[in-house]
Amino acid sequence: MSAIERVKEPGRRRGPVWTMPAACPSCGAALVERGPFNVCPNGFNCPAQLAGRLVHFGSRPALDIEGLGEETAKQLVAEGLVRELPDLFRLRAERLVELEGFAEKSAGNLVAAIEKARRSELRRFLYALGIPEVGEAVAKDLARHFRSFARIRDASPEELQEVPGIGPRMAAEIAAFFAQPDNRRVLDALLEQVDVVVPGGGGAALADLKLVFTGGLARFGRREAKDLVESLGGRVTSAVSKETDFLVAGADPGSKLDEARALGVEVLDEAAFVELLRRRGVDL
């Protein structure tokens, strides 16, 4: 008897047959195909996804909420303190201290970090939402092209494809995310809590300029300063060279300051850097 015949033999016991569910077991939403996987599209309202979405929302490339790690996110969801993303901005320190692992200081620090995240750069906010196909690079490209969350939210697939690197499939995924009624409802609630801004508003105010930062700045974090320059068309490098246009020197600048002076590179302190931005039409 051949292998095929043995398989077909009546009465022969077979292993368990697994069938893919048609709906998400957590929220009941109909599953959709995404590449080789069937996934729940109900990202904002699926309880099973909420803790992971919180972690992503508060990650460093997103809203950078220090203290919002995996264990804390799970705890907030399990205790019912966060049922949807906008609830994050309603947390109070006096409620957090009642949770295991929280003391007065850690609760205050988390609330302070959440408050700081109420003002978010557009590209960071886009990345934080966990939109299908939108990683850090695509979020930056969308922000640079549209320069408005409202315009991105209402863009057609054809308009989205005008952004370099976004093809038909990616554009359809992004447009479908914003078209989903539940997503739009949660986004409306989020926008009541978060001020989404486009740094500078000057587009190419620093176009073709190369800057190096050294030492500590009082007004800007190093990453924040780099993001700001790049959003304005400039470039930030780690090493000083003859091609460097400005060295921005903060506290304890180190050897880069000597290198810049030796090469004749113009050196700006933080106040002069801010003044440069203002002269070029950047609204800080």
# chains A, B, ... in the order shown; residues from 1 in each chain; ligands from 1
>>> residues_around(residues="A:Asp269", least_positions_apart="6", cutoff="7 Å", atoms="only C-alpha atoms", output="VMD selection string")
chain A and resid 248 to 250
>>> write_last_selection(atoms="C-alpha atoms", output="PDB file, in the first residue's frame")
ATOM      1  CA  VAL A 248      26.947  74.170  18.304  1.00  0.00           C
ATOM      2  CA  ALA A 249      28.822  73.996  21.589  1.00  0.00           C
ATOM      3  CA  GLY A 250      27.119  73.461  24.929  1.00  0.00           C
TER       4      GLY A 250
END
>>> residues_around(residues="stretch 129-139 of chain A", least_positions_apart="4", cutoff="7 Å", atoms="only C-alpha atoms", output="PyMOL selection string")
chain A and resi 57+123+125+143+170+173-174+177
>>> select_by_dssp(residues="stretch 90-248 of chain A", states="strand (DSSP E)", output="compact mmCIF listing (two decimals) with C-alpha atoms, in the first residue's frame")
# COMPACT_ATOMS: atom_id res chain seq x y z
CA ARG A 119 3.32 68.16 22.82
CA SER A 120 4.55 65.86 20.07
CA GLU A 121 6.32 66.35 16.79
CA ASP A 195 -0.72 68.99 20.59
CA VAL A 196 0.80 67.71 17.34
CA VAL A 197 3.35 70.18 15.96
CA LYS A 210 25.82 70.73 8.12
CA LEU A 211 25.95 71.04 11.88
CA VAL A 212 27.78 69.26 14.67
CA PHE A 213 26.65 69.34 18.31
CA THR A 214 28.99 68.95 21.23
CA ARG A 235 22.16 67.58 8.35
CA VAL A 236 23.78 66.66 11.68
CA PHE A 246 28.38 75.33 12.35
CA LEU A 247 29.53 73.69 15.54
CA VAL A 248 26.95 74.17 18.30
>>> select_by_dssp(residues="stretch 3-250 of chain A", states="helix (DSSP H, G or I)", output="ChimeraX atom specification")
/A:3-8,47-57,70-78,85-90,93-96,104-116,122-128,136-146,149-154,157-160,168-179,181-191,222-231
>>> closest_residue(among="A:Glu266, A:Glu115, A:Asp182, A:Asp208", to="A:Cys46", atoms="only C-alpha atoms")
A:Asp182
>>> residues_around(residues="A:Val265", least_positions_apart="5", cutoff="9 Å", atoms="only C-alpha atoms", output="JSON list (two decimals) with N, CA and C atoms, in the first residue's frame")
[["chain", "number", "residue", "atom", "x", "y", "z"],
["A", 240, "VAL", "N", 33.57, 66.83, 13.12],
["A", 240, "VAL", "CA", 33.84, 68.14, 12.53],
["A", 240, "VAL", "C", 34.76, 67.98, 11.33],
["A", 241, "SER", "N", 34.42, 68.68, 10.23],
["A", 241, "SER", "CA", 35.27, 68.66, 9.03],
["A", 241, "SER", "C", 35.21, 70.03, 8.38],
["A", 242, "LYS", "N", 35.93, 70.19, 7.28],
["A", 242, "LYS", "CA", 35.92, 71.46, 6.56],
["A", 242, "LYS", "C", 34.54, 71.76, 5.98],
["A", 243, "GLU", "N", 33.73, 70.70, 5.79],
["A", 243, "GLU", "CA", 32.38, 70.89, 5.24],
["A", 243, "GLU", "C", 31.37, 71.29, 6.30],
["A", 244, "THR", "N", 31.75, 71.26, 7.58],
["A", 244, "THR", "CA", 30.83, 71.64, 8.65],
["A", 244, "THR", "C", 30.56, 73.13, 8.60],
["A", 245, "ASP", "N", 29.28, 73.51, 8.63],
["A", 245, "ASP", "CA", 28.94, 74.94, 8.60],
["A", 245, "ASP", "C", 28.94, 75.55, 10.00],
["A", 246, "PHE", "N", 28.43, 74.81, 10.99],
["A", 246, "PHE", "CA", 28.38, 75.33, 12.35],
["A", 246, "PHE", "C", 28.67, 74.21, 13.35],
["A", 247, "LEU", "N", 29.42, 74.54, 14.37],
["A", 247, "LEU", "CA", 29.53, 73.69, 15.54],
["A", 247, "LEU", "C", 28.73, 74.35, 16.65],
["A", 259, "GLU", "N", 38.85, 71.32, 17.44],
["A", 259, "GLU", "CA", 38.91, 70.92, 16.02],
["A", 259, "GLU", "C", 38.22, 71.95, 15.15],
["A", 260, "ALA", "N", 37.06, 72.44, 15.60],
["A", 260, "ALA", "CA", 36.31, 73.43, 14.82],
["A", 260, "ALA", "C", 37.11, 74.72, 14.67]]
>>> atom_distance(atom1="atom CA of A:Asn109", atom2="atom CA of A:Glu66")
8.2 Å
>>> closest_atom_pairs(of="stretch 160-262 of chain A", to="stretch 71-92 of chain A", cutoff="8 Å", atoms="only C-alpha atoms", output="tab-separated table")
residue	atom	partner	partner_atom	distance
A:Val186	CA	A:Pro86	CA	7.3
A:Ala189	CA	A:Pro86	CA	6.2
A:Leu190	CA	A:Pro86	CA	5.1
A:Gln193	CA	A:Phe89	CA	6.7
>>> write_last_selection(atoms="N, CA and C atoms", output="compact mmCIF listing (two decimals), in the first residue's frame")
# COMPACT_ATOMS: atom_id res chain seq x y z
N VAL A 186 -10.99 57.28 18.20
CA VAL A 186 -9.89 57.31 19.16
C VAL A 186 -8.91 58.43 18.81
N ALA A 189 -10.16 61.69 20.08
CA ALA A 189 -9.95 61.80 21.53
C ALA A 189 -8.48 62.06 21.86
N LEU A 190 -7.57 61.43 21.11
CA LEU A 190 -6.14 61.66 21.33
C LEU A 190 -5.76 63.10 21.03
N GLN A 193 -5.92 65.57 23.64
CA GLN A 193 -4.92 65.45 24.69
C GLN A 193 -3.52 65.84 24.23
>>> residues_around(residues="A:Ile65", least_positions_apart="5", cutoff="7 Å", atoms="only C-alpha atoms", output="tab-separated table (two decimals) with N, CA and C atoms, in the first residue's frame")
chain	number	residue	atom	x	y	z
A	58	GLY	N	4.72	54.87	23.79
A	58	GLY	CA	5.64	55.59	24.66
A	58	GLY	C	7.10	55.32	24.40
A	59	SER	N	7.42	54.58	23.32
A	59	SER	CA	8.82	54.24	23.04
A	59	SER	C	9.61	55.47	22.63
A	113	ALA	N	6.27	62.54	32.83
A	113	ALA	CA	6.70	62.13	31.50
A	113	ALA	C	5.53	62.13	30.52
A	114	ILE	N	4.36	61.72	31.00
A	114	ILE	CA	3.16	61.73	30.16
A	114	ILE	C	2.76	63.18	29.84
A	117	ALA	N	4.74	64.57	27.12
A	117	ALA	CA	4.41	64.00	25.81
A	117	ALA	C	3.16	64.62	25.20
>>> decode(residues="stretch 159-219 of chain A", atoms="C-alpha atoms", output="PDB file, in the first residue's frame")
ATOM      1  CA  GLU A 159      -2.246  61.434  -2.700  1.00  0.00           C
ATOM      2  CA  LEU A 160      -0.289  59.177  -0.349  1.00  0.00           C
ATOM      3  CA  GLN A 161       1.519  57.655  -3.322  1.00  0.00           C
ATOM      4  CA  GLU A 162       2.962  61.079  -4.117  1.00  0.00           C
ATOM      5  CA  VAL A 163       5.298  60.546  -1.147  1.00  0.00           C
ATOM      6  CA  PRO A 164       8.557  58.958  -2.361  1.00  0.00           C
ATOM      7  CA  GLY A 165       8.749  55.310  -1.359  1.00  0.00           C
ATOM      8  CA  ILE A 166       5.023  54.810  -0.787  1.00  0.00           C
ATOM      9  CA  GLY A 167       3.475  52.435  -3.291  1.00  0.00           C
ATOM     10  CA  PRO A 168      -0.130  51.322  -3.900  1.00  0.00           C
ATOM     11  CA  ARG A 169      -0.237  48.603  -1.227  1.00  0.00           C
ATOM     12  CA  MET A 170       1.284  50.796   1.487  1.00  0.00           C
ATOM     13  CA  ALA A 171      -0.958  53.724   0.549  1.00  0.00           C
ATOM     14  CA  ALA A 172      -4.045  51.502   0.730  1.00  0.00           C
ATOM     15  CA  GLU A 173      -3.055  50.240   4.217  1.00  0.00           C
ATOM     16  CA  ILE A 174      -2.507  53.776   5.537  1.00  0.00           C
ATOM     17  CA  ALA A 175      -5.743  55.118   4.043  1.00  0.00           C
ATOM     18  CA  ALA A 176      -7.703  52.142   5.407  1.00  0.00           C
ATOM     19  CA  PHE A 177      -6.335  52.776   8.908  1.00  0.00           C
ATOM     20  CA  PHE A 178      -7.559  56.366   8.905  1.00  0.00           C
ATOM     21  CA  ALA A 179     -10.897  55.447   7.307  1.00  0.00           C
ATOM     22  CA  GLN A 180     -11.873  52.987  10.052  1.00  0.00           C
ATOM     23  CA  PRO A 181     -14.587  54.656  12.204  1.00  0.00           C
ATOM     24  CA  ASP A 182     -13.282  53.347  15.541  1.00  0.00           C
ATOM     25  CA  ASN A 183      -9.774  54.560  14.707  1.00  0.00           C
ATOM     26  CA  ARG A 184     -11.107  58.003  13.822  1.00  0.00           C
ATOM     27  CA  ARG A 185     -12.995  58.177  17.119  1.00  0.00           C
ATOM     28  CA  VAL A 186      -9.888  57.312  19.156  1.00  0.00           C
ATOM     29  CA  LEU A 187      -7.763  59.733  17.119  1.00  0.00           C
ATOM     30  CA  ASP A 188     -10.245  62.543  17.809  1.00  0.00           C
ATOM     31  CA  ALA A 189      -9.947  61.800  21.527  1.00  0.00           C
ATOM     32  CA  LEU A 190      -6.139  61.661  21.328  1.00  0.00           C
ATOM     33  CA  LEU A 191      -5.975  65.002  19.566  1.00  0.00           C
ATOM     34  CA  GLU A 192      -7.833  66.539  22.502  1.00  0.00           C
ATOM     35  CA  GLN A 193      -4.918  65.453  24.687  1.00  0.00           C
ATOM     36  CA  VAL A 194      -1.898  65.882  22.398  1.00  0.00           C
ATOM     37  CA  ASP A 195      -0.716  68.992  20.592  1.00  0.00           C
ATOM     38  CA  VAL A 196       0.802  67.709  17.337  1.00  0.00           C
ATOM     39  CA  VAL A 197       3.354  70.179  15.961  1.00  0.00           C
ATOM     40  CA  VAL A 198       5.614  70.549  12.963  1.00  0.00           C
ATOM     41  CA  PRO A 199       8.964  71.862  14.269  1.00  0.00           C
ATOM     42  CA  GLY A 200       9.993  75.175  12.868  1.00  0.00           C
ATOM     43  CA  GLY A 201       7.253  75.516  10.339  1.00  0.00           C
ATOM     44  CA  GLY A 202       9.992  76.734   8.018  1.00  0.00           C
ATOM     45  CA  GLY A 203      10.374  73.613   5.905  1.00  0.00           C
ATOM     46  CA  ALA A 204      13.853  74.115   4.506  1.00  0.00           C
ATOM     47  CA  ALA A 205      15.133  76.828   6.846  1.00  0.00           C
ATOM     48  CA  LEU A 206      18.432  74.975   7.310  1.00  0.00           C
ATOM     49  CA  ALA A 207      18.627  73.429   3.839  1.00  0.00           C
ATOM     50  CA  ASP A 208      22.113  72.207   2.872  1.00  0.00           C
ATOM     51  CA  LEU A 209      23.662  73.214   6.209  1.00  0.00           C
ATOM     52  CA  LYS A 210      25.819  70.732   8.120  1.00  0.00           C
ATOM     53  CA  LEU A 211      25.954  71.036  11.883  1.00  0.00           C
ATOM     54  CA  VAL A 212      27.782  69.258  14.674  1.00  0.00           C
ATOM     55  CA  PHE A 213      26.646  69.343  18.309  1.00  0.00           C
ATOM     56  CA  THR A 214      28.987  68.946  21.231  1.00  0.00           C
ATOM     57  CA  GLY A 215      28.547  69.348  24.968  1.00  0.00           C
ATOM     58  CA  GLY A 216      25.307  69.584  26.904  1.00  0.00           C
ATOM     59  CA  LEU A 217      22.481  71.881  25.840  1.00  0.00           C
ATOM     60  CA  ALA A 218      19.987  73.343  28.304  1.00  0.00           C
ATOM     61  CA  ARG A 219      16.993  73.806  26.006  1.00  0.00           C
TER      62      ARG A 219
END
